[in-house]
Amino acid sequence: MEILKEVNGNSPRETIRDKQRIVVKIGSSSLQHAQTGDLDYTRLEKLVRELCDIRNQGKDVILVTSGAIAAGKKAVGIREITEEDQVRQMAVKQACAAVGQARLMMTYQKIFAEYNQVAAQILMTKNTIVDDLNRFNAHNTFTQLLQMGVIPIVNENDTVATYEIEIGDNDTLSAIVAALVEADLLILLSDIDGLYTDDPRRNPEAAFIPQVDELTEELLAMGKESTGSNVGTGGMNTKLQAARIATSSGVDMVIANSVDIGILHRILSGGEEGTLFVAHRDEAFDLPQFVSQLHRQ
Ligand code: GLU
């Protein structure tokens with residue numbers, strides 16, 4: 001499965017050192033303590049410090065962060081949102097997102113400020129990509145922010161987006177952002193080391209796949225529904241969908257374990273960390289068209 005294709009004499013891992021525009025996605029389960037659901041400030045601080053350091057190297061950095069709903073649930077004292085009443089369940093999630101997004105941003109702003117870094121908030125919906133004028137404006141805003149040296153912090157606008165029928169998960173959202181801003185690299189920080197031939201939590205025979213040169217139908221079928229965590233919405237399926245969007249748009253993508261945030265540095269130094277999906281731009285891939293068909297059931 002591993003194909004060490006060379007680009008101008010460099011392996012795909014070595015070319016990562018020269019990537020200029022980087023999108024990093026972190027999931028809810030990586031941002032909170034599993035036992036309490038409270039924010040893991042140590043992890044958050046390390047993440048922000050790493051991102052500021054990457055920015056200080058002159059690279060463009062965009063953070064796609066989950067955790068709004070989880071932080072909101074915690075703030076208003078909701079442990080579980082029951083499945084009984086779908087309509088109320090949606091309203092509760094959206095209300096929690098409204099509370100939690102503000103909390104999350106307040107925390108990020110505070111830590112980014114400690115490193116003299118300006119951060120901005122961008123909340124997106126499906127329509128941001130599907131509508132031509134919205135997409136044009138969003139692209140211009142991202143470009144302008146990056147020119148100003150600002151780090152955009154992105155999430156789905158869960159408060160107005162009808163959660164299940166919009167983009168729905170931040171793996172997909174981060175790949176959409178990477179495609180929109182013509183990023184060079186997308187890093188998905190997760191609670192798993194990368195892609196395996198099977199679920200390593202259930203099958204000890206599952207083999208780790210360090211590099212994917214082509215996303216075959218067979219690979220896409222290997223996607224699993226669950227990450228093993230009960231927060232966030234991204235399983236391997238959404239990560240493979242993200243890989244499809246990113247690589248078709250000419251963006252390399254790495255899935256890596258967020259347990260040690262220092263992995264970001266090692267990836268960007270060309271280290272063999274996580275699973276690398278090598279970009280293969282597909283001129284026929286139409287981002288707005290693809291996004292318009294996204295519909296989570
Ligand atoms: N946008 C959601 C939030 O911030 C999370 C989606 C996801 O976990 O993928 O809570």
# chains A, B, ... in the order shown; residues from 1 in each chain; ligands from 1
call {"tool": "residues_near_ligand", "arguments": {"ligand": "ligand 1", "cutoff": "9 Å", "atoms": "only C-alpha atoms and all ligand atoms", "output": "compact mmCIF listing (two decimals) with all heavy atoms, in the first residue's frame"}}
result
# COMPACT_ATOMS: atom_id res chain seq x y z
N ILE A 26 -8.38 20.34 14.93
CA ILE A 26 -8.37 19.59 16.18
C ILE A 26 -9.81 19.28 16.59
O ILE A 26 -10.71 20.13 16.47
CB ILE A 26 -7.58 20.32 17.30
CG1 ILE A 26 -7.41 19.42 18.53
CG2 ILE A 26 -8.22 21.67 17.67
CD1 ILE A 26 -6.12 19.56 19.25
N GLY A 27 -10.03 18.06 17.06
CA GLY A 27 -11.38 17.61 17.40
C GLY A 27 -11.72 17.82 18.87
O GLY A 27 -10.83 18.02 19.70
N SER A 28 -13.01 17.75 19.18
CA SER A 28 -13.50 17.97 20.54
C SER A 28 -12.82 17.04 21.55
O SER A 28 -12.43 17.46 22.63
CB SER A 28 -15.00 17.73 20.62
OG SER A 28 -15.68 18.45 19.64
N SER A 29 -12.65 15.76 21.15
CA SER A 29 -12.11 14.78 22.11
C SER A 29 -10.67 15.11 22.47
O SER A 29 -10.19 14.73 23.54
CB SER A 29 -12.20 13.37 21.54
OG SER A 29 -11.39 13.25 20.41
N THR A 65 -11.32 24.32 14.57
CA THR A 65 -11.49 23.74 15.90
C THR A 65 -12.93 23.33 16.17
O THR A 65 -13.87 24.06 15.86
CB THR A 65 -11.02 24.72 17.00
OG1 THR A 65 -11.12 24.08 18.28
CG2 THR A 65 -11.82 26.00 17.01
N SER A 66 -13.08 22.17 16.75
CA SER A 66 -14.39 21.75 17.25
C SER A 66 -14.45 22.14 18.72
O SER A 66 -13.59 22.86 19.20
CB SER A 66 -14.53 20.23 17.13
OG SER A 66 -14.24 19.82 15.84
N GLY A 67 -15.44 21.65 19.40
CA GLY A 67 -15.50 21.85 20.84
C GLY A 67 -16.54 22.84 21.30
O GLY A 67 -16.74 23.01 22.51
N ALA A 68 -17.24 23.51 20.35
CA ALA A 68 -18.23 24.50 20.76
C ALA A 68 -19.39 23.84 21.52
O ALA A 68 -19.76 24.27 22.62
CB ALA A 68 -18.75 25.25 19.55
N ILE A 69 -19.93 22.79 20.93
CA ILE A 69 -21.08 22.14 21.55
C ILE A 69 -20.67 21.51 22.88
O ILE A 69 -21.36 21.65 23.90
CB ILE A 69 -21.70 21.09 20.60
CG1 ILE A 69 -22.24 21.80 19.34
CG2 ILE A 69 -22.83 20.30 21.29
CD1 ILE A 69 -22.75 20.89 18.25
N ALA A 70 -19.49 20.86 22.88
CA ALA A 70 -19.00 20.22 24.11
C ALA A 70 -18.80 21.27 25.21
O ALA A 70 -19.23 21.07 26.37
CB ALA A 70 -17.70 19.49 23.83
N ALA A 71 -18.20 22.41 24.87
CA ALA A 71 -17.96 23.46 25.88
C ALA A 71 -19.27 24.06 26.36
O ALA A 71 -19.44 24.38 27.54
CB ALA A 71 -17.05 24.55 25.31
N GLY A 72 -20.24 24.20 25.44
CA GLY A 72 -21.55 24.77 25.80
C GLY A 72 -22.32 23.84 26.73
O GLY A 72 -22.93 24.29 27.71
N LYS A 93 -28.59 21.40 21.05
CA LYS A 93 -27.23 21.40 20.48
C LYS A 93 -26.87 22.80 19.98
O LYS A 93 -25.76 23.29 20.20
CB LYS A 93 -27.17 20.45 19.28
CG LYS A 93 -26.77 19.03 19.61
CD LYS A 93 -26.59 18.27 18.32
CE LYS A 93 -26.33 16.79 18.59
NZ LYS A 93 -26.33 16.02 17.35
N CYS A 96 -26.32 25.14 22.83
CA CYS A 96 -25.02 24.84 23.46
C CYS A 96 -23.88 25.38 22.60
O CYS A 96 -22.88 25.90 23.12
CB CYS A 96 -24.85 23.33 23.64
SG CYS A 96 -25.87 22.68 24.96
N ALA A 97 -24.02 25.28 21.28
CA ALA A 97 -22.99 25.80 20.38
C ALA A 97 -22.84 27.30 20.55
O ALA A 97 -21.73 27.84 20.53
CB ALA A 97 -23.33 25.46 18.94
N GLY A 100 -21.05 27.76 23.83
CA GLY A 100 -19.70 27.18 23.82
C GLY A 100 -18.75 27.85 22.85
O GLY A 100 -17.56 27.97 23.13
N GLN A 101 -19.24 28.28 21.69
CA GLN A 101 -18.36 28.91 20.70
C GLN A 101 -17.74 30.18 21.29
O GLN A 101 -16.54 30.43 21.12
CB GLN A 101 -19.16 29.23 19.42
CG GLN A 101 -18.34 29.89 18.31
CD GLN A 101 -17.24 28.99 17.75
OE1 GLN A 101 -17.35 27.76 17.74
NE2 GLN A 101 -16.15 29.59 17.31
N LEU A 104 -15.13 29.12 23.85
CA LEU A 104 -13.96 28.55 23.18
C LEU A 104 -13.09 29.67 22.62
O LEU A 104 -11.86 29.69 22.80
CB LEU A 104 -14.46 27.64 22.05
CG LEU A 104 -13.54 26.59 21.49
CD1 LEU A 104 -13.11 25.60 22.57
CD2 LEU A 104 -14.26 25.83 20.37
N ASN A 155 -14.88 27.34 12.63
CA ASN A 155 -15.79 26.28 13.04
C ASN A 155 -17.04 26.39 12.16
O ASN A 155 -17.23 27.39 11.46
CB ASN A 155 -16.17 26.42 14.53
CG ASN A 155 -16.73 25.12 15.12
OD1 ASN A 155 -16.94 24.12 14.42
ND2 ASN A 155 -16.98 25.13 16.43
N GLU A 156 -17.86 25.36 12.19
CA GLU A 156 -19.15 25.49 11.50
C GLU A 156 -20.04 26.36 12.37
O GLU A 156 -19.94 26.35 13.60
CB GLU A 156 -19.80 24.12 11.28
CG GLU A 156 -21.09 24.25 10.48
CD GLU A 156 -21.56 22.96 9.81
OE1 GLU A 156 -20.95 21.91 10.01
OE2 GLU A 156 -22.55 23.04 9.07
N ASN A 157 -20.88 27.16 11.72
CA ASN A 157 -21.80 28.01 12.48
C ASN A 157 -22.97 27.15 12.95
O ASN A 157 -24.07 27.21 12.41
CB ASN A 157 -22.27 29.18 11.62
CG ASN A 157 -22.91 30.27 12.46
OD1 ASN A 157 -23.20 30.06 13.64
ND2 ASN A 157 -23.14 31.42 11.85
N ASP A 158 -22.69 26.32 13.96
CA ASP A 158 -23.68 25.32 14.40
C ASP A 158 -24.98 25.94 14.91
O ASP A 158 -26.01 25.29 14.92
CB ASP A 158 -23.08 24.46 15.53
CG ASP A 158 -21.91 23.63 15.05
OD1 ASP A 158 -22.01 23.05 13.96
OD2 ASP A 158 -20.90 23.56 15.77
N TYR A 163 -27.61 21.25 12.18
CA TYR A 163 -26.42 20.44 12.38
C TYR A 163 -26.32 19.22 11.48
O TYR A 163 -25.36 19.05 10.73
CB TYR A 163 -26.39 20.03 13.87
CG TYR A 163 -25.09 19.49 14.34
CD1 TYR A 163 -23.97 20.29 14.41
CD2 TYR A 163 -24.98 18.15 14.71
CE1 TYR A 163 -22.76 19.79 14.86
CE2 TYR A 163 -23.79 17.65 15.16
CZ TYR A 163 -22.68 18.47 15.23
OH TYR A 163 -21.51 17.97 15.66
N ILE A 167 -22.67 20.81 6.86
CA ILE A 167 -21.40 20.11 6.65
C ILE A 167 -21.29 19.02 7.72
O ILE A 167 -20.93 17.89 7.43
CB ILE A 167 -20.22 21.11 6.71
CG1 ILE A 167 -20.35 22.11 5.55
CG2 ILE A 167 -18.89 20.36 6.62
CD1 ILE A 167 -19.49 23.33 5.67
N GLY A 168 -21.65 19.37 8.96
CA GLY A 168 -21.86 18.36 10.00
C GLY A 168 -20.66 17.92 10.80
O GLY A 168 -20.80 17.61 11.96
N ASP A 169 -19.48 17.85 10.19
CA ASP A 169 -18.32 17.43 10.97
C ASP A 169 -17.12 18.26 10.53
O ASP A 169 -17.04 18.71 9.38
CB ASP A 169 -18.05 15.93 10.77
CG ASP A 169 -17.47 15.66 9.41
OD1 ASP A 169 -16.26 15.73 9.25
OD2 ASP A 169 -18.26 15.42 8.48
N ASN A 170 -16.20 18.43 11.46
CA ASN A 170 -15.10 19.34 11.19
C ASN A 170 -13.95 18.72 10.40
O ASN A 170 -13.07 19.44 9.93
CB ASN A 170 -14.59 19.94 12.51
CG ASN A 170 -15.48 21.10 12.95
OD1 ASN A 170 -16.52 21.35 12.34
ND2 ASN A 170 -15.07 21.80 13.99
N ASP A 171 -13.93 17.37 10.26
CA ASP A 171 -12.95 16.78 9.34
C ASP A 171 -13.25 17.30 7.94
O ASP A 171 -12.38 17.82 7.24
CB ASP A 171 -13.05 15.24 9.35
CG ASP A 171 -12.62 14.65 10.69
OD1 ASP A 171 -11.75 15.24 11.35
OD2 ASP A 171 -13.17 13.60 11.07
N THR A 172 -14.53 17.14 7.56
CA THR A 172 -14.95 17.61 6.23
C THR A 172 -14.78 19.12 6.11
O THR A 172 -14.25 19.61 5.11
CB THR A 172 -16.43 17.21 5.99
OG1 THR A 172 -16.57 15.83 6.28
CG2 THR A 172 -16.87 17.49 4.58
N LEU A 173 -15.20 19.84 7.15
CA LEU A 173 -15.08 21.31 7.10
C LEU A 173 -13.62 21.73 6.88
O LEU A 173 -13.34 22.63 6.08
CB LEU A 173 -15.61 21.93 8.42
CG LEU A 173 -15.46 23.44 8.53
CD1 LEU A 173 -16.32 24.17 7.49
CD2 LEU A 173 -15.84 23.93 9.93
N VAL A 231 -17.32 12.06 21.94
CA VAL A 231 -17.50 13.48 21.62
C VAL A 231 -17.02 13.71 20.20
O VAL A 231 -16.25 12.93 19.67
CB VAL A 231 -16.72 14.41 22.58
CG1 VAL A 231 -17.41 14.50 23.91
CG2 VAL A 231 -15.29 13.95 22.75
N GLY A 232 -17.49 14.83 19.60
CA GLY A 232 -17.11 15.09 18.22
C GLY A 232 -17.91 14.18 17.30
O GLY A 232 -18.66 13.31 17.74
N THR A 233 -17.76 14.40 16.01
CA THR A 233 -18.58 13.63 15.09
C THR A 233 -17.73 12.87 14.07
O THR A 233 -18.27 12.18 13.23
CB THR A 233 -19.53 14.56 14.33
OG1 THR A 233 -18.75 15.60 13.78
CG2 THR A 233 -20.60 15.13 15.22
N GLY A 234 -16.41 13.01 14.16
CA GLY A 234 -15.58 12.45 13.09
C GLY A 234 -15.06 11.06 13.36
O GLY A 234 -14.34 10.81 14.30
N GLY A 235 -15.44 10.11 12.52
CA GLY A 235 -14.86 8.77 12.55
C GLY A 235 -13.90 8.68 11.38
O GLY A 235 -13.54 9.70 10.78
N THR A 238 -15.33 10.12 7.94
CA THR A 238 -15.24 11.56 7.67
C THR A 238 -13.80 11.94 7.33
O THR A 238 -13.57 12.86 6.55
CB THR A 238 -15.76 12.39 8.85
OG1 THR A 238 -14.98 12.06 10.02
CG2 THR A 238 -17.22 12.14 9.13
call {"tool": "select_by_dssp", "arguments": {"residues": "region 180-259 of chain A", "states": "alpha helix (DSSP H)", "output": "PyMOL selection string"}}
result
chain A and resi 180+217-221+236-248
call {"tool": "residues_around", "arguments": {"residues": "Leu145 (chain A)", "least_positions_apart": "6", "cutoff": "10 Å", "atoms": "only C-alpha atoms", "output": "list in words"}}
result
Asp60, Ile62, Val118, Ala119, Ala120, Ile151 and Pro152 of chain A
call {"tool": "residues_around", "arguments": {"residues": "Arg281 (chain A)", "least_positions_apart": "3", "cutoff": "6 Å", "atoms": "only C-alpha atoms", "output": "short mmCIF file (atom, residue, chain, number, x, y, z; two decimals) with C-alpha atoms, in the first residue's frame"}}
result
data_model
loop_
_atom_site.label_atom_id
_atom_site.label_comp_id
_atom_site.auth_asym_id
_atom_site.auth_seq_id
_atom_site.Cartn_x
_atom_site.Cartn_y
_atom_site.Cartn_z
CA SER A 248 -8.46 16.10 -5.18
CA SER A 249 -7.95 19.81 -4.54
CA GLY A 250 -4.14 19.43 -4.58
#
call {"tool": "closest_residue", "arguments": {"among": "A:Glu214, A:Leu219, A:Asn116, A:Val181", "to": "Asp282 (chain A)", "atoms": "only C-alpha atoms"}}
result
A:Glu214
call {"tool": "atom_distance", "arguments": {"atom1": "CA of Val150 (chain A)", "atom2": "CA of Leu44 (chain A)"}}
result
18.2 Å
call {"tool": "residues_around", "arguments": {"residues": "Ser258 (chain A)", "least_positions_apart": "6", "cutoff": "8 Å", "atoms": "only C-alpha atoms", "output": "VMD selection string"}}
result
chain A and resid 26 30 189 to 192
call {"tool": "write_last_selection", "arguments": {"atoms": "all heavy atoms", "output": "PDB file, in the first residue's frame"}}
result
ATOM      1  N   ILE A  26      -8.383  20.339  14.928  1.00  0.00           N
ATOM      2  CA  ILE A  26      -8.373  19.586  16.184  1.00  0.00           C
ATOM      3  C   ILE A  26      -9.811  19.278  16.592  1.00  0.00           C
ATOM      4  O   ILE A  26     -10.705  20.128  16.468  1.00  0.00           O
ATOM      5  CB  ILE A  26      -7.584  20.325  17.296  1.00  0.00           C
ATOM      6  CG1 ILE A  26      -7.411  19.418  18.526  1.00  0.00           C
ATOM      7  CG2 ILE A  26      -8.219  21.667  17.671  1.00  0.00           C
ATOM      8  CD1 ILE A  26      -6.116  19.561  19.245  1.00  0.00           C
ATOM      9  N   SER A  30      -9.974  15.835  21.591  1.00  0.00           N
ATOM     10  CA  SER A  30      -8.584  16.207  21.871  1.00  0.00           C
ATOM     11  C   SER A  30      -8.502  17.462  22.734  1.00  0.00           C
ATOM     12  O   SER A  30      -7.431  17.810  23.210  1.00  0.00           O
ATOM     13  CB  SER A  30      -7.843  16.479  20.564  1.00  0.00           C
ATOM     14  OG  SER A  30      -7.932  15.385  19.709  1.00  0.00           O
ATOM     15  N   LEU A 189      -5.687  16.483  13.538  1.00  0.00           N
ATOM     16  CA  LEU A 189      -5.246  15.963  14.831  1.00  0.00           C
ATOM     17  C   LEU A 189      -6.421  15.218  15.449  1.00  0.00           C
ATOM     18  O   LEU A 189      -7.500  15.792  15.635  1.00  0.00           O
ATOM     19  CB  LEU A 189      -4.795  17.096  15.748  1.00  0.00           C
ATOM     20  CG  LEU A 189      -3.493  17.783  15.351  1.00  0.00           C
ATOM     21  CD1 LEU A 189      -3.202  18.938  16.290  1.00  0.00           C
ATOM     22  CD2 LEU A 189      -2.319  16.806  15.327  1.00  0.00           C
ATOM     23  N   SER A 190      -6.185  13.947  15.759  1.00  0.00           N
ATOM     24  CA  SER A 190      -7.283  13.105  16.219  1.00  0.00           C
ATOM     25  C   SER A 190      -6.848  12.281  17.420  1.00  0.00           C
ATOM     26  O   SER A 190      -5.761  12.462  17.950  1.00  0.00           O
ATOM     27  CB  SER A 190      -7.683  12.196  15.054  1.00  0.00           C
ATOM     28  OG  SER A 190      -8.766  11.404  15.422  1.00  0.00           O
ATOM     29  N   ASP A 191      -7.745  11.358  17.845  1.00  0.00           N
ATOM     30  CA  ASP A 191      -7.374  10.481  18.963  1.00  0.00           C
ATOM     31  C   ASP A 191      -6.920   9.121  18.449  1.00  0.00           C
ATOM     32  O   ASP A 191      -6.958   8.128  19.149  1.00  0.00           O
ATOM     33  CB  ASP A 191      -8.533  10.338  19.959  1.00  0.00           C
ATOM     34  CG  ASP A 191      -9.824   9.917  19.281  1.00  0.00           C
ATOM     35  OD1 ASP A 191      -9.782   9.624  18.059  1.00  0.00           O
ATOM     36  OD2 ASP A 191     -10.866   9.869  19.941  1.00  0.00           O
ATOM     37  N   ILE A 192      -6.491   9.077  17.200  1.00  0.00           N
ATOM     38  CA  ILE A 192      -5.987   7.838  16.600  1.00  0.00           C
ATOM     39  C   ILE A 192      -4.701   8.183  15.833  1.00  0.00           C
ATOM     40  O   ILE A 192      -4.537   9.313  15.374  1.00  0.00           O
ATOM     41  CB  ILE A 192      -7.088   7.214  15.698  1.00  0.00           C
ATOM     42  CG1 ILE A 192      -6.695   5.816  15.246  1.00  0.00           C
ATOM     43  CG2 ILE A 192      -7.447   8.086  14.527  1.00  0.00           C
ATOM     44  CD1 ILE A 192      -7.875   4.937  14.861  1.00  0.00           C
TER      45      ILE A 192
END
call {"tool": "select_by_dssp", "arguments": {"residues": "region 14-217 of chain A", "states": "strand (DSSP E)", "output": "number ranges by chain"}}
result
A: 21-26, 60-65, 119-124, 151-156, 185-190, 195-196, 208-209, 211-212
call {"tool": "write_last_selection", "arguments": {"atoms": "N, CA and C atoms", "output": "mmCIF file, in the first residue's frame"}}
result
data_model
loop_
_atom_site.group_PDB
_atom_site.id
_atom_site.type_symbol
_atom_site.label_atom_id
_atom_site.label_comp_id
_atom_site.auth_asym_id
_atom_site.auth_seq_id
_atom_site.Cartn_x
_atom_site.Cartn_y
_atom_site.Cartn_z
ATOM 1 N N ARG A 21 1.280 27.023 3.365
ATOM 2 C CA ARG A 21 -0.049 27.344 3.929
ATOM 3 C C ARG A 21 -0.617 26.076 4.574
ATOM 4 N N ILE A 22 -0.742 26.123 5.902
ATOM 5 C CA ILE A 22 -1.093 24.924 6.652
ATOM 6 C C ILE A 22 -2.448 25.090 7.360
ATOM 7 N N VAL A 23 -3.328 24.120 7.189
ATOM 8 C CA VAL A 23 -4.585 24.089 7.947
ATOM 9 C C VAL A 23 -4.467 22.967 8.983
ATOM 10 N N VAL A 24 -4.737 23.294 10.247
ATOM 11 C CA VAL A 24 -4.695 22.285 11.310
ATOM 12 C C VAL A 24 -6.099 22.145 11.881
ATOM 13 N N LYS A 25 -6.583 20.897 11.979
ATOM 14 C CA LYS A 25 -7.898 20.660 12.580
ATOM 15 C C LYS A 25 -7.717 19.879 13.876
ATOM 16 N N ILE A 26 -8.383 20.339 14.928
ATOM 17 C CA ILE A 26 -8.373 19.586 16.184
ATOM 18 C C ILE A 26 -9.811 19.278 16.592
ATOM 19 N N ASP A 60 1.661 30.449 6.679
ATOM 20 C CA ASP A 60 0.262 30.820 6.930
ATOM 21 C C ASP A 60 -0.384 29.686 7.713
ATOM 22 N N VAL A 61 -1.112 30.042 8.764
ATOM 23 C CA VAL A 61 -1.723 29.028 9.620
ATOM 24 C C VAL A 61 -3.217 29.292 9.762
ATOM 25 N N ILE A 62 -4.013 28.227 9.617
ATOM 26 C CA ILE A 62 -5.455 28.306 9.874
ATOM 27 C C ILE A 62 -5.803 27.172 10.827
ATOM 28 N N LEU A 63 -6.568 27.474 11.856
ATOM 29 C CA LEU A 63 -6.995 26.434 12.797
ATOM 30 C C LEU A 63 -8.484 26.170 12.605
ATOM 31 N N VAL A 64 -8.836 24.907 12.418
ATOM 32 C CA VAL A 64 -10.256 24.519 12.420
ATOM 33 C C VAL A 64 -10.479 23.778 13.733
ATOM 34 N N THR A 65 -11.318 24.323 14.571
ATOM 35 C CA THR A 65 -11.489 23.738 15.902
ATOM 36 C C THR A 65 -12.929 23.335 16.167
ATOM 37 N N ALA A 119 -5.662 36.555 16.423
ATOM 38 C CA ALA A 119 -6.491 35.468 15.890
ATOM 39 C C ALA A 119 -7.840 36.052 15.479
ATOM 40 N N ALA A 120 -8.515 35.385 14.543
ATOM 41 C CA ALA A 120 -9.833 35.843 14.089
ATOM 42 C C ALA A 120 -10.786 34.666 14.077
ATOM 43 N N GLN A 121 -12.066 34.942 14.192
ATOM 44 C CA GLN A 121 -13.059 33.867 14.141
ATOM 45 C C GLN A 121 -13.796 33.864 12.803
ATOM 46 N N ILE A 122 -13.871 32.698 12.174
ATOM 47 C CA ILE A 122 -14.696 32.563 10.970
ATOM 48 C C ILE A 122 -15.650 31.390 11.186
ATOM 49 N N LEU A 123 -16.946 31.670 11.125
ATOM 50 C CA LEU A 123 -17.955 30.614 11.264
ATOM 51 C C LEU A 123 -18.585 30.386 9.891
ATOM 52 N N MET A 124 -18.559 29.128 9.454
ATOM 53 C CA MET A 124 -19.022 28.847 8.099
ATOM 54 C C MET A 124 -20.261 27.955 8.094
ATOM 55 N N ILE A 151 -4.143 34.560 12.419
ATOM 56 C CA ILE A 151 -4.510 33.137 12.353
ATOM 57 C C ILE A 151 -6.034 33.008 12.421
ATOM 58 N N PRO A 152 -6.693 32.633 11.300
ATOM 59 C CA PRO A 152 -8.147 32.439 11.362
ATOM 60 C C PRO A 152 -8.486 31.156 12.141
ATOM 61 N N ILE A 153 -9.477 31.254 13.006
ATOM 62 C CA ILE A 153 -9.965 30.094 13.762
ATOM 63 C C ILE A 153 -11.370 29.793 13.248
ATOM 64 N N VAL A 154 -11.537 28.605 12.709
ATOM 65 C CA VAL A 154 -12.765 28.292 11.967
ATOM 66 C C VAL A 154 -13.584 27.206 12.663
ATOM 67 N N ASN A 155 -14.884 27.342 12.626
ATOM 68 C CA ASN A 155 -15.793 26.280 13.041
ATOM 69 C C ASN A 155 -17.038 26.387 12.160
ATOM 70 N N GLU A 156 -17.863 25.359 12.188
ATOM 71 C CA GLU A 156 -19.145 25.490 11.497
ATOM 72 C C GLU A 156 -20.039 26.362 12.366
ATOM 73 N N LEU A 185 -1.097 22.001 2.884
ATOM 74 C CA LEU A 185 -1.136 20.845 3.767
ATOM 75 C C LEU A 185 -2.286 20.982 4.767
ATOM 76 N N LEU A 186 -2.987 19.864 4.987
ATOM 77 C CA LEU A 186 -4.023 19.796 6.022
ATOM 78 C C LEU A 186 -3.590 18.747 7.035
ATOM 79 N N ILE A 187 -3.574 19.122 8.322
ATOM 80 C CA ILE A 187 -3.238 18.149 9.366
ATOM 81 C C ILE A 187 -4.474 17.930 10.235
ATOM 82 N N LEU A 188 -4.965 16.685 10.283
ATOM 83 C CA LEU A 188 -6.103 16.350 11.145
ATOM 84 C C LEU A 188 -5.556 15.760 12.440
ATOM 85 N N LEU A 189 -5.687 16.483 13.538
ATOM 86 C CA LEU A 189 -5.246 15.963 14.831
ATOM 87 C C LEU A 189 -6.421 15.218 15.449
ATOM 88 N N SER A 190 -6.185 13.947 15.759
ATOM 89 C CA SER A 190 -7.283 13.105 16.219
ATOM 90 C C SER A 190 -6.848 12.281 17.420
ATOM 91 N N LEU A 195 -4.363 5.962 9.749
ATOM 92 C CA LEU A 195 -5.214 4.957 9.098
ATOM 93 C C LEU A 195 -4.645 3.554 9.301
ATOM 94 N N TYR A 196 -5.523 2.636 9.650
ATOM 95 C CA TYR A 196 -5.162 1.225 9.807
ATOM 96 C C TYR A 196 -5.971 0.390 8.808
ATOM 97 N N PHE A 208 -0.874 -0.606 10.472
ATOM 98 C CA PHE A 208 -0.836 0.841 10.273
ATOM 99 C C PHE A 208 -0.424 1.154 8.830
ATOM 100 N N ILE A 209 -1.084 2.156 8.243
ATOM 101 C CA ILE A 209 -0.743 2.551 6.863
ATOM 102 C C ILE A 209 -0.070 3.931 6.924
ATOM 103 N N GLN A 211 1.381 5.738 4.541
ATOM 104 C CA GLN A 211 1.209 6.632 3.391
ATOM 105 C C GLN A 211 0.192 6.093 2.393
ATOM 106 N N VAL A 212 -0.656 6.975 1.935
ATOM 107 C CA VAL A 212 -1.647 6.589 0.921
ATOM 108 C C VAL A 212 -1.410 7.457 -0.304
#
call {"tool": "closest_residue", "arguments": {"among": "A:Gly37, A:Glu205, A:Leu31, A:Gln289", "to": "Glu80 (chain A)", "atoms": "only C-alpha atoms"}}
result
A:Gly37
call {"tool": "closest_residue", "arguments": {"among": "A:Glu50, A:Asp252, A:Glu283, A:Asp132", "to": "Leu264 (chain A)", "atoms": "only C-alpha atoms"}}
result
A:Glu50
call {"tool": "residues_around", "arguments": {"residues": "Thr42 (chain A)", "least_positions_apart": "5", "cutoff": "12 Å", "atoms": "only C-alpha atoms", "output": "ChimeraX atom specification"}}
result
/A:30-33,47-49,107,111,259-261
call {"tool": "write_last_selection", "arguments": {"atoms": "C-alpha atoms", "output": "PDB file, in the first residue's frame"}}
result
ATOM      1  CA  SER A  30      -8.584  16.207  21.871  1.00  0.00           C
ATOM      2  CA  LEU A  31      -9.588  19.431  23.605  1.00  0.00           C
ATOM      3  CA  GLN A  32     -11.297  18.139  26.688  1.00  0.00           C
ATOM      4  CA  HIS A  33     -10.580  15.791  29.586  1.00  0.00           C
ATOM      5  CA  LEU A  47      -1.549  23.691  20.490  1.00  0.00           C
ATOM      6  CA  VAL A  48      -1.588  27.487  20.423  1.00  0.00           C
ATOM      7  CA  ARG A  49       2.161  27.690  21.132  1.00  0.00           C
ATOM      8  CA  THR A 107      -9.987  30.912  25.680  1.00  0.00           C
ATOM      9  CA  ILE A 111      -3.756  32.209  24.875  1.00  0.00           C
ATOM     10  CA  VAL A 259      -1.907  13.017  22.362  1.00  0.00           C
ATOM     11  CA  ASP A 260       1.425  14.819  21.922  1.00  0.00           C
ATOM     12  CA  ILE A 261       0.834  18.191  20.267  1.00  0.00           C
TER      13      ILE A 261
END
call {"tool": "closest_atom_pairs", "arguments": {"of": "region 104-151 of chain A", "to": "region 176-179 of chain A", "cutoff": "10 Å", "atoms": "only C-alpha atoms", "output": "CSV"}}
result
residue,atom,partner,partner_atom,distance
A:Met124,CA,A:Val177,CA,9.4
A:Lys126,CA,A:Ile176,CA,9.8
A:Ile129,CA,A:Ile176,CA,8.2
A:Ala138,CA,A:Val177,CA,9.7
A:His139,CA,A:Val177,CA,9.2
A:Phe142,CA,A:Val177,CA,9.4
call {"tool": "closest_residue", "arguments": {"among": "A:Leu240, A:Ile245, A:Val160, A:Ala75", "to": "His280 (chain A)", "atoms": "only C-alpha atoms"}}
result
A:Ile245
